[in-house]
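Participant: Input: one structure, supplied below.
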Amino acid sequence: MSLADAITLPPQVSPPAVTLDERVPHAVAGAEVIALPVLPGESLMLGPGAAALADAASDLDLLGILEAEHASGKAGEVVSYVVPGGVRGNKALRRILLVGVGAQRPVDFRRAGVAVARATRDLSTVATTIPALDPDVAVEPFVVGVTLASFSFDWRASGPVHRPVGSVVLAELGSAYDGSLSRSVAVATAGWRSRFLATVPSNIKNPAWLAEQALTIADASGLKVKVWDEQQLAKEGFGGLLGVGSGSPTPPRLIRLDYAPPKASRKTPTVALVGKGITFDTGGLNLKPGDSMTTMKRDMTGGAIVLSTMAALAAVGCPVRVVGLVAAAENAVSGSSMRPGDVLRHFPGDKTARTSEVTNTDAEGRLVLADAMAYAVAQVKPDVIVDVATLTGAIKVALGQQVGGLFANHDVLAAILEGAAEATGEPLWRMPLSSTYEDKLASPIADADNSAGTPQAITAALFLQHFAGGLPWAHLDLASVGDTPEDRDEWTKGPSGWGARTLLTWLGSPEPLAGVV
């Protein structure tokens, strides 16, 4: 039994359960808190539920409370008012939250959801009419905000410091919004799952553990699944994966998940999603500095995003086939680690396969992605490829920690992804895929140098482009947003899981490949 096998991950908190209820919020049974929307303007206005609440508690002057607190109605602003004895029809009610919704854009409703989540931690039930203001616009961002701001991961002997509110009831919304709620919960849960997978410590999380998560997801979501172990990887010529994983006692894995929509036919196009799954990155023999290594449990964020996206495709009604590939390895240090100067032959491992000279063992992500992309081109035969990775520190230097990097060889695909990212609150900035730097990839002995120098984010993307088979392709370099330094909006401090919402917004649209294929 390995050390990882002997360690058990303690139970973690679950996301709030989100439901619909046609009743006014204070009439929801068991609601300890109700949250009402506040609309800004020359005179503040209260949204749905306020009039009914006034009838149930005639002595309440909610607008007066807002005036006394100098409230503005800006998105996410909260004024809390305690009602110790409850109100007529709900004696369990203890608090009223007056929550600003700003200009009532998706981002404003998401921030309102965040505010509700943080104001109701450790409670049982909150009922709110915030999404009822404009359900077609508000339901998904509100559910995403209230869910992701509730995320936590805890391994303390005493248990979690806080727990999410147990139930969030969207009041004054009936069954007509069942579909919208199901989709919203799926998107929010994908963000939660990707954040959770990225946060699990690497003394548990290794390539085999990640493969086990994929099997669980496949079983729950009705997906086909295949996992390659190290013997199968060697037999089929995955030299990049094997090289990167050669220094670890936990060998690499390649994970494949297949989704098909209910009415799929031979003409249904296919998207390949490829995720970097480095379950811990020491840098290899080109060892990282200690401070740079502390966050490297999340270097499989790309793989987490792919797994989480695949789990939710059916729930968002994805109309195209999707194949998710996760190239999982641990980049460790030992006597068997790959060395600077080694040459790796990528999939399919025969004399036609591209080779890479390893000049930096800490540029390992592109080596495993290359194998998976080459496999996708040859065996999946997709119409579009999108790879997702926390790949380069350079993208963080370029963009900071609130915008992800996007490279693409197809303008329409790039525009679609940028639009999906902006809509769901995970902004991407398109970077130049400039052939000016192609010569930097040259190696004196192999097809390419795996660490071609500056500008590093661009040369890494150029390296990967050779494995896209000339197909429409996009590369998401999310190293800039892989970690959140502090609680901000729906993001919680730690690994972010950034990207699953973007992919689901794109793939859950009616025609995700319009203008691309």
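Each chain in the structure tokens gets a letter, A, B, ..., in the order shown, and its residues are numbered from 1; ligands are numbered from 1 in order too.
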Can you build me a table of region 240-346 of chain A residues sitting at most 10 Å from region 479-500 of chain A, with the closest atom pair per residue and its distance in Å to one decimal, using only C-alpha atoms, sorted by chain and residue number, as JSON lines?
Facilitator:
```
{"residue": "A:Thr295", "atom": "CA", "partner": "A:Asp483", "partner_atom": "CA", "distance": 7.8}
{"residue": "A:Met296", "atom": "CA", "partner": "A:Pro495", "partner_atom": "CA", "distance": 9.6}
{"residue": "A:Lys297", "atom": "CA", "partner": "A:Pro495", "partner_atom": "CA", "distance": 8.8}
{"residue": "A:Arg298", "atom": "CA", "partner": "A:Pro495", "partner_atom": "CA", "distance": 6.2}
{"residue": "A:Asp299", "atom": "CA", "partner": "A:Gly482", "partner_atom": "CA", "distance": 8.1}
{"residue": "A:Met300", "atom": "CA", "partner": "A:Gly497", "partner_atom": "CA", "distance": 9.7}
{"residue": "A:Thr301", "atom": "CA", "partner": "A:Gly497", "partner_atom": "CA", "distance": 6.1}
{"residue": "A:Gly302", "atom": "CA", "partner": "A:Gly499", "partner_atom": "CA", "distance": 8.2}
{"residue": "A:Gly303", "atom": "CA", "partner": "A:Gly497", "partner_atom": "CA", "distance": 9.8}
{"residue": "A:Ala304", "atom": "CA", "partner": "A:Gly497", "partner_atom": "CA", "distance": 7.2}
{"residue": "A:Ile305", "atom": "CA", "partner": "A:Ala500", "partner_atom": "CA", "distance": 5.0}
{"residue": "A:Val306", "atom": "CA", "partner": "A:Ala500", "partner_atom": "CA", "distance": 7.2}
{"residue": "A:Leu307", "atom": "CA", "partner": "A:Ala500", "partner_atom": "CA", "distance": 8.9}
{"residue": "A:Ser308", "atom": "CA", "partner": "A:Ala500", "partner_atom": "CA", "distance": 6.6}
{"residue": "A:Thr309", "atom": "CA", "partner": "A:Ala500", "partner_atom": "CA", "distance": 5.5}
{"residue": "A:Met310", "atom": "CA", "partner": "A:Ala500", "partner_atom": "CA", "distance": 9.3}
{"residue": "A:Ala312", "atom": "CA", "partner": "A:Ala500", "partner_atom": "CA", "distance": 9.4}
```
Participant: Per residue of region 360-463 of chain A within 10 Å of region 243-253 of chain A, note the shortest atom pair and the distance in Å to one decimal, counting only C-alpha atoms, and order the rows by chain and increasing residue number, as CSV.
Facilitator:
```
residue,atom,partner,partner_atom,distance
A:Thr361,CA,A:Val244,CA,7.9
A:Asp362,CA,A:Val244,CA,9.4
A:Ala363,CA,A:Val244,CA,9.6
A:Glu364,CA,A:Val244,CA,6.3
A:Gly365,CA,A:Val244,CA,8.5
A:Leu367,CA,A:Val244,CA,7.4
A:Val368,CA,A:Val244,CA,7.3
```
Participant: Name all residues at most 10 Å from Leu433 (chain A) (count only C-alpha atoms; drop same-chain ones fewer than 5 positions away) and give them as a ChimeraX atom specification.
Facilitator: /A:406-409,438,457-462,465
Participant: Counting only C-alpha atoms, which residues in region 130-217 of chain A sit no more than 10 Å from region 14-20 of chain A? For each one, give the nearest pair of atoms and the distance in Å, sorted by chain then residue number, as a tab-separated table.
Facilitator:
```
residue	atom	partner	partner_atom	distance
A:Val143	CA	A:Val18	CA	7.6
A:Val146	CA	A:Pro16	CA	8.0
A:Thr147	CA	A:Pro15	CA	5.8
A:Leu148	CA	A:Pro15	CA	7.9
A:Ala149	CA	A:Pro15	CA	9.5
A:Ser150	CA	A:Pro15	CA	6.7
A:Phe151	CA	A:Pro15	CA	7.0
A:Ser152	CA	A:Ser14	CA	8.9
A:Phe153	CA	A:Ser14	CA	10.0
A:Arg163	CA	A:Ser14	CA	8.5
A:Pro164	CA	A:Pro16	CA	6.2
A:Val165	CA	A:Pro16	CA	5.9
A:Gly166	CA	A:Pro16	CA	5.0
A:Ser167	CA	A:Ala17	CA	4.7
A:Val168	CA	A:Val18	CA	4.7
A:Val169	CA	A:Thr19	CA	5.0
A:Leu170	CA	A:Leu20	CA	4.8
A:Ala171	CA	A:Leu20	CA	6.1
A:Glu172	CA	A:Leu20	CA	7.8
A:Leu173	CA	A:Leu20	CA	5.8
A:Gly174	CA	A:Leu20	CA	6.0
A:Ser175	CA	A:Leu20	CA	7.2
A:Ala176	CA	A:Leu20	CA	9.7
A:Tyr177	CA	A:Leu20	CA	7.9
A:Asp178	CA	A:Leu20	CA	7.7
A:Leu181	CA	A:Thr19	CA	7.8
A:Ser182	CA	A:Val18	CA	9.4
A:Ser184	CA	A:Val18	CA	9.7
A:Val185	CA	A:Val18	CA	7.6
A:Ala188	CA	A:Pro15	CA	9.1
A:Thr189	CA	A:Pro15	CA	7.7
A:Trp192	CA	A:Pro15	CA	7.8
A:Arg193	CA	A:Pro15	CA	9.9
```
Participant: Find the residues around region 378-380 of chain A up to 12 Å (only C-alpha atoms counted), leave out those fewer than 3 positions away in its own chain, and share them as a ChimeraX atom specification.
Facilitator: /A:236,256-258,269-274,321-325,347-348,353,371-375,383-385,467-471
Participant: When you look at Ala211 (chain A) with a cut-off of 7 Å (counting only C-alpha atoms), what residues show up, excluding the ones that are within fewer than 3 positions of it in the same chain? I need them as a ChimeraX atom specification.
Facilitator: /A:207-208,214-215,227,255
Participant: Let me see the file: selected residues, C-alpha atoms, as a short mmCIF file (atom, residue, chain, number, x, y, z; two decimals), in the first residue's frame.
Facilitator:
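Everything below was put into selection-v1.cif:
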```cif
data_model
loop_
_atom_site.label_atom_id
_atom_site.label_comp_id
_atom_site.auth_asym_id
_atom_site.auth_seq_id
_atom_site.Cartn_x
_atom_site.Cartn_y
_atom_site.Cartn_z
CA PRO A 207 -2.50 10.36 -11.80
CA ALA A 208 -4.26 7.18 -10.68
CA ALA A 214 -12.90 10.32 -14.15
CA LEU A 215 -14.41 6.84 -13.72
CA VAL A 227 -7.83 5.00 -19.04
CA ILE A 255 -7.86 9.64 -19.51
#
```
Participant: Using only C-alpha atoms, which of A:Pro512, A:Pro131, A:Gly453, A:Pro289 sits nearest Ala394 (chain A)?
Facilitator: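 Smallest distance to Ala394 (chain A) is found for A:Gly453.
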Participant: Between CA of Val33 (chain A) and CA of Leu93 (chain A), what is the distance, to one decimal in Å?
Facilitator: 5.8 Å
Participant: Which is closest to Glu330 (chain A) among A:Leu242, A:Val377, A:Leu441, A:Val386, if we use only C-alpha atoms?
Facilitator: A:Leu242
Participant: Between A:Val161, A:Leu285, A:Ala103, A:Ala423, single out the one closest to Leu133 (chain A), counting only C-alpha atoms.
Facilitator: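 Among the listed residues, the smallest separation from Leu133 (chain A) belongs to A:Ala103.
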